[in-house]
Each structure stands twice: as C-alpha cells, then as structure tokens.
Amino acid sequence: MTPAKGKLYLVPAPLDFACDKLAPLRHVLPQATLDIAARLQHWICENAKSARAYLVRVRELQPLALPIQALDIQELPHQVHKKGDHQVDFDARPLLGPALRGQDIGLVSEAGMPAVADPGSSVVCAAHDLGVTVVPLVGPSSLLLALAASGLSGQNFAFVGYLPAQTAQRTQRIRELESLALQTGQTQLFIETPYRNEAMLQSLLEVLDAQTRLAVAGGLTLEDALLRSDKVAGWKSRRTSLDKNMPVVFAIGR
C-alpha cells in the first residue's frame, strides 16, 4: 500500500539574520509554528549552517524530534540563490523525495517567509506538481511589516526585488519606479544587499523628487528597529544612517 504523502511546511524564520541582536523566538513566532518546526526531521534550506542555527534556537524552547546532527537538511543550489528560482533550469522534485514516502518536510530561508523575496518558490511549485500539500505557517514577513508601517498604499503595491548595482542603470530604474508609483499610486518595494544600504539611500535621495515619499524599514521585530517614512525633502533635512549589516526594505510612493 502506497503511504500517504507528507506535507511541505513553509516555516518562517526571525528577521534578525546577521543582526547584532536577536529577537526572542516567542515574540515573533507563534507556538503552533514552533511545535511543527520542532517535530520536522527533513528540511530544505538556503544554507545548512544558518538552518541549524535556527533549529538550535527552536531547541532552546522545545525538544527536537532528533538531534540536529541527525536531521536531513538539504540545501538549494547556489544558482537558485544567485539568480532566483525562476531564472535557472532547476528541477526541485528530487528534494521532495521524503514527502513522497510519507514524511513531512520544512522549507526555511535565512529570514522571514521562504519563497517570498527569498529562494524556495521552485520547491513549492514542485510540491504542487507532485500532489504534495503545501502549508504556509504563521510568522514574520519583512515586506508586509515594512509596507504596513510605511504609510504608503497597502491596497496597490509591488515588490520588485533588487535594483541594478551599476549607478546609471540604478538611476534609470529608480526613475521608472517613481514614475509608476506617482502615476498609479502603486507602492514600489525593493531590497538591497546590506553593505550597499547607504549607497542605495544616497541614490534615492539624489534621484527622487523632493515630494516623493520614501520609507525605510530595517531590523524589524527588534527593539532598535529602524522605521522611517518621510518625503525626500524631509530625509535630506534630517539624514538617517543605515546599518551595513542590517537587511532593509525600501519603499517609494505618494
């Protein structure tokens, strides 16, 4: 008799990855999410080392089903991290072998909800194709928290990922996004590699119109979180420095 298929759980992680301080897990993850994370024996992740570090934090609150060294932890290919799930020819179905044998699997990213602004959507798509039930668990999402705290439109918004690193292309892209935001009212959200946070902020202040609203959110769920939303003119009159180690979400709109 063929065993019932396991489920793929999308397990959120705290938003403090690479931050100097850590958020208490009980403050950012509900007990039901911690319960499921603690019992899972199979994992798919961005990085096995950070996944194990996350499970050590879970273990401090609740015993794990197995010792961490005995857990089956599979990493997504590097190219998936670098280019994105849907930009590479990657078949994620082999990663879901345990689910086809009746074992539940957890998908986790380094911070926030997996497959949202992070790798993992190819695994979710493969699960659907294989008839494996996908269960998103409750936990923090930096994009939604930043949007809610921005004062910009939460009825019409788009996440556009990373902007170009080269100055000329970045300038052009910022102007395109500003035009779209001002003409349609659609909030534009994007992120940057933390060490380039200051360069991104400088570009935004140089390119955007003085009356365009810019929101910046970093270190969300931490006590020293940065949450500021102001017109560009206000940003220029009172500069805010950005931590080069802190993941930040940028948003522009009207």
# chains A, B, ... in the order shown; residues from 1 in each chain; ligands from 1
>>> residues_around(residues="Ala99 in chain A", least_positions_apart="4", cutoff="9 Å", atoms="only C-alpha atoms", output="VMD selection string")
chain A and resid 4 to 8 42 95 103 to 105 127 132
>>> closest_atom_pairs(of="range 97-167 of chain A", to="range 241-248 of chain A", cutoff="10 Å", atoms="only C-alpha atoms", output="tab-separated table")
residue	atom	partner	partner_atom	distance
A:Ala111	CA	A:Pro247	CA	9.5
A:Ser142	CA	A:Val248	CA	8.6
A:Leu143	CA	A:Val248	CA	9.6
A:Ala146	CA	A:Val248	CA	9.0
>>> write_last_selection(atoms="C-alpha atoms", output="compact mmCIF listing (two decimals), in the first residue's frame")
# COMPACT_ATOMS: atom_id res chain seq x y z
CA ALA A 111 14.93 35.27 7.38
CA SER A 142 9.67 41.85 6.28
CA LEU A 143 7.86 43.06 3.17
CA ALA A 146 7.55 47.32 6.16
>>> atom_distance(atom1="CA of Leu177 in chain A", atom2="CA of Pro194 in chain A")
20.7 Å
>>> select_by_dssp(residues="range 12-227 of chain A", states="alpha helix (DSSP H)", output="PyMOL selection string")
chain A and resi 25-28+31-39+48-61+78-83+97-100+121-130+142-150+167-184+197-207
>>> closest_residue(among="A:Ala48, A:Val216, A:Ala115, A:Leu180", to="Gly84 in chain A", atoms="only C-alpha atoms")
A:Ala115
>>> closest_atom_pairs(of="range 155-221 of chain A", to="range 17-39 of chain A", cutoff="12 Å", atoms="only C-alpha atoms", output="Markdown table")
| residue | atom | partner | partner_atom | distance |
| --- | --- | --- | --- | --- |
| A:Thr193 | CA | A:Ala18 | CA | 11.8 |
| A:Pro194 | CA | A:Ala18 | CA | 9.6 |
| A:Tyr195 | CA | A:Ala18 | CA | 11.5 |
| A:Gly218 | CA | A:Cys19 | CA | 10.0 |
| A:Gly219 | CA | A:Cys19 | CA | 7.4 |
| A:Leu220 | CA | A:Ala23 | CA | 9.3 |
| A:Thr221 | CA | A:Ala23 | CA | 6.7 |
>>> closest_residue(among="A:Leu204, A:Leu226, A:Leu64, A:Ile73", to="Ile174 in chain A", atoms="only C-alpha atoms")
A:Leu204
>>> closest_residue(among="A:Leu152, A:Val123, A:Val232, A:Leu201", to="Arg254 in chain A", atoms="only C-alpha atoms")
A:Leu152
>>> atom_distance(atom1="CA of Val138 in chain A", atom2="CA of Ala217 in chain A")
20.6 Å
>>> residues_around(residues="Gln172 in chain A", least_positions_apart="4", cutoff="12 Å", atoms="only C-alpha atoms", output="list in words")
Leu163, Pro164, Ala165, Gln166, Thr167, Ala168, Glu176, Leu177, Glu178, Ser179, Ser203, Leu204, Val207 and Leu208 of chain A
>>> write_last_selection(atoms="C-alpha atoms", output="mmCIF file, in the first residue's frame")
data_model
loop_
_atom_site.group_PDB
_atom_site.id
_atom_site.type_symbol
_atom_site.label_atom_id
_atom_site.label_comp_id
_atom_site.auth_asym_id
_atom_site.auth_seq_id
_atom_site.Cartn_x
_atom_site.Cartn_y
_atom_site.Cartn_z
ATOM 1 C CA LEU A 163 17.691 47.258 -8.215
ATOM 2 C CA PRO A 164 20.759 47.312 -10.505
ATOM 3 C CA ALA A 165 24.114 47.777 -8.771
ATOM 4 C CA GLN A 166 25.569 49.961 -11.543
ATOM 5 C CA THR A 167 24.914 53.675 -10.998
ATOM 6 C CA ALA A 168 23.461 54.547 -14.410
ATOM 7 C CA GLU A 176 10.921 54.230 -13.663
ATOM 8 C CA LEU A 177 9.638 53.076 -10.293
ATOM 9 C CA GLU A 178 8.972 56.616 -9.105
ATOM 10 C CA SER A 179 7.013 57.399 -12.264
ATOM 11 C CA SER A 203 20.956 57.285 -4.882
ATOM 12 C CA LEU A 204 17.311 57.567 -3.846
ATOM 13 C CA VAL A 207 17.185 60.908 -7.931
ATOM 14 C CA LEU A 208 13.733 61.111 -6.360
#
>>> select_by_dssp(residues="range 18-94 of chain A", states="strand (DSSP E or B)", output="list of chain:residue names")
A:His42, A:Trp43, A:Ile44, A:Cys45, A:Asp72, A:Ile73, A:Gln74, A:Glu75
>>> closest_residue(among="A:Ser109, A:Asn197, A:Gln183, A:Gln79", to="Pro140 in chain A", atoms="only C-alpha atoms")
A:Ser109
>>> atom_distance(atom1="CA of Ser229 in chain A", atom2="CA of Glu110 in chain A")
26.2 Å
>>> residues_around(residues="Ile44 in chain A", least_positions_apart="2", cutoff="6 Å", atoms="only C-alpha atoms", output="count of residues only")
4
>>> residues_around(residues="range 90-94 of chain A", least_positions_apart="6", cutoff="9 Å", atoms="only C-alpha atoms", output="PyMOL selection string")
chain A and resi 76-77+79-80+122-127+129-130
>>> write_last_selection(atoms="N, CA and C atoms", output="mmCIF file, in the first residue's frame")
data_model
loop_
_atom_site.group_PDB
_atom_site.id
_atom_site.type_symbol
_atom_site.label_atom_id
_atom_site.label_comp_id
_atom_site.auth_asym_id
_atom_site.auth_seq_id
_atom_site.Cartn_x
_atom_site.Cartn_y
_atom_site.Cartn_z
ATOM 1 N N LEU A 76 19.393 24.298 -1.194
ATOM 2 C CA LEU A 76 19.084 24.657 -2.570
ATOM 3 C C LEU A 76 20.383 24.997 -3.300
ATOM 4 N N PRO A 77 20.460 24.765 -4.611
ATOM 5 C CA PRO A 77 21.688 25.077 -5.353
ATOM 6 C C PRO A 77 22.051 26.557 -5.280
ATOM 7 N N GLN A 79 23.034 28.539 -7.550
ATOM 8 C CA GLN A 79 22.495 29.320 -8.653
ATOM 9 C C GLN A 79 21.076 29.792 -8.373
ATOM 10 N N VAL A 80 20.343 29.022 -7.606
ATOM 11 C CA VAL A 80 18.986 29.433 -7.234
ATOM 12 C C VAL A 80 19.045 30.665 -6.336
ATOM 13 N N SER A 122 10.545 27.409 -6.302
ATOM 14 C CA SER A 122 10.654 26.225 -7.160
ATOM 15 C C SER A 122 10.275 24.962 -6.394
ATOM 16 N N VAL A 123 10.595 24.931 -5.106
ATOM 17 C CA VAL A 123 10.222 23.784 -4.278
ATOM 18 C C VAL A 123 8.710 23.743 -4.081
ATOM 19 N N VAL A 124 8.121 24.906 -3.848
ATOM 20 C CA VAL A 124 6.669 24.982 -3.671
ATOM 21 C C VAL A 124 5.957 24.552 -4.950
ATOM 22 N N CYS A 125 6.433 25.022 -6.091
ATOM 23 C CA CYS A 125 5.838 24.664 -7.378
ATOM 24 C C CYS A 125 5.948 23.154 -7.609
ATOM 25 N N ALA A 126 7.111 22.591 -7.300
ATOM 26 C CA ALA A 126 7.308 21.155 -7.474
ATOM 27 C C ALA A 126 6.375 20.361 -6.569
ATOM 28 N N ALA A 127 6.154 20.864 -5.355
ATOM 29 C CA ALA A 127 5.241 20.182 -4.435
ATOM 30 C C ALA A 127 3.835 20.120 -5.018
ATOM 31 N N ASP A 129 3.037 20.214 -8.150
ATOM 32 C CA ASP A 129 3.056 19.300 -9.300
ATOM 33 C C ASP A 129 3.029 17.837 -8.868
ATOM 34 N N LEU A 130 3.611 17.547 -7.702
ATOM 35 C CA LEU A 130 3.668 16.173 -7.214
ATOM 36 C C LEU A 130 2.477 15.804 -6.331
#
>>> closest_residue(among="A:Asp85, A:Gln202, A:Arg59, A:Val249", to="Ala225 in chain A", atoms="only C-alpha atoms")
A:Val249
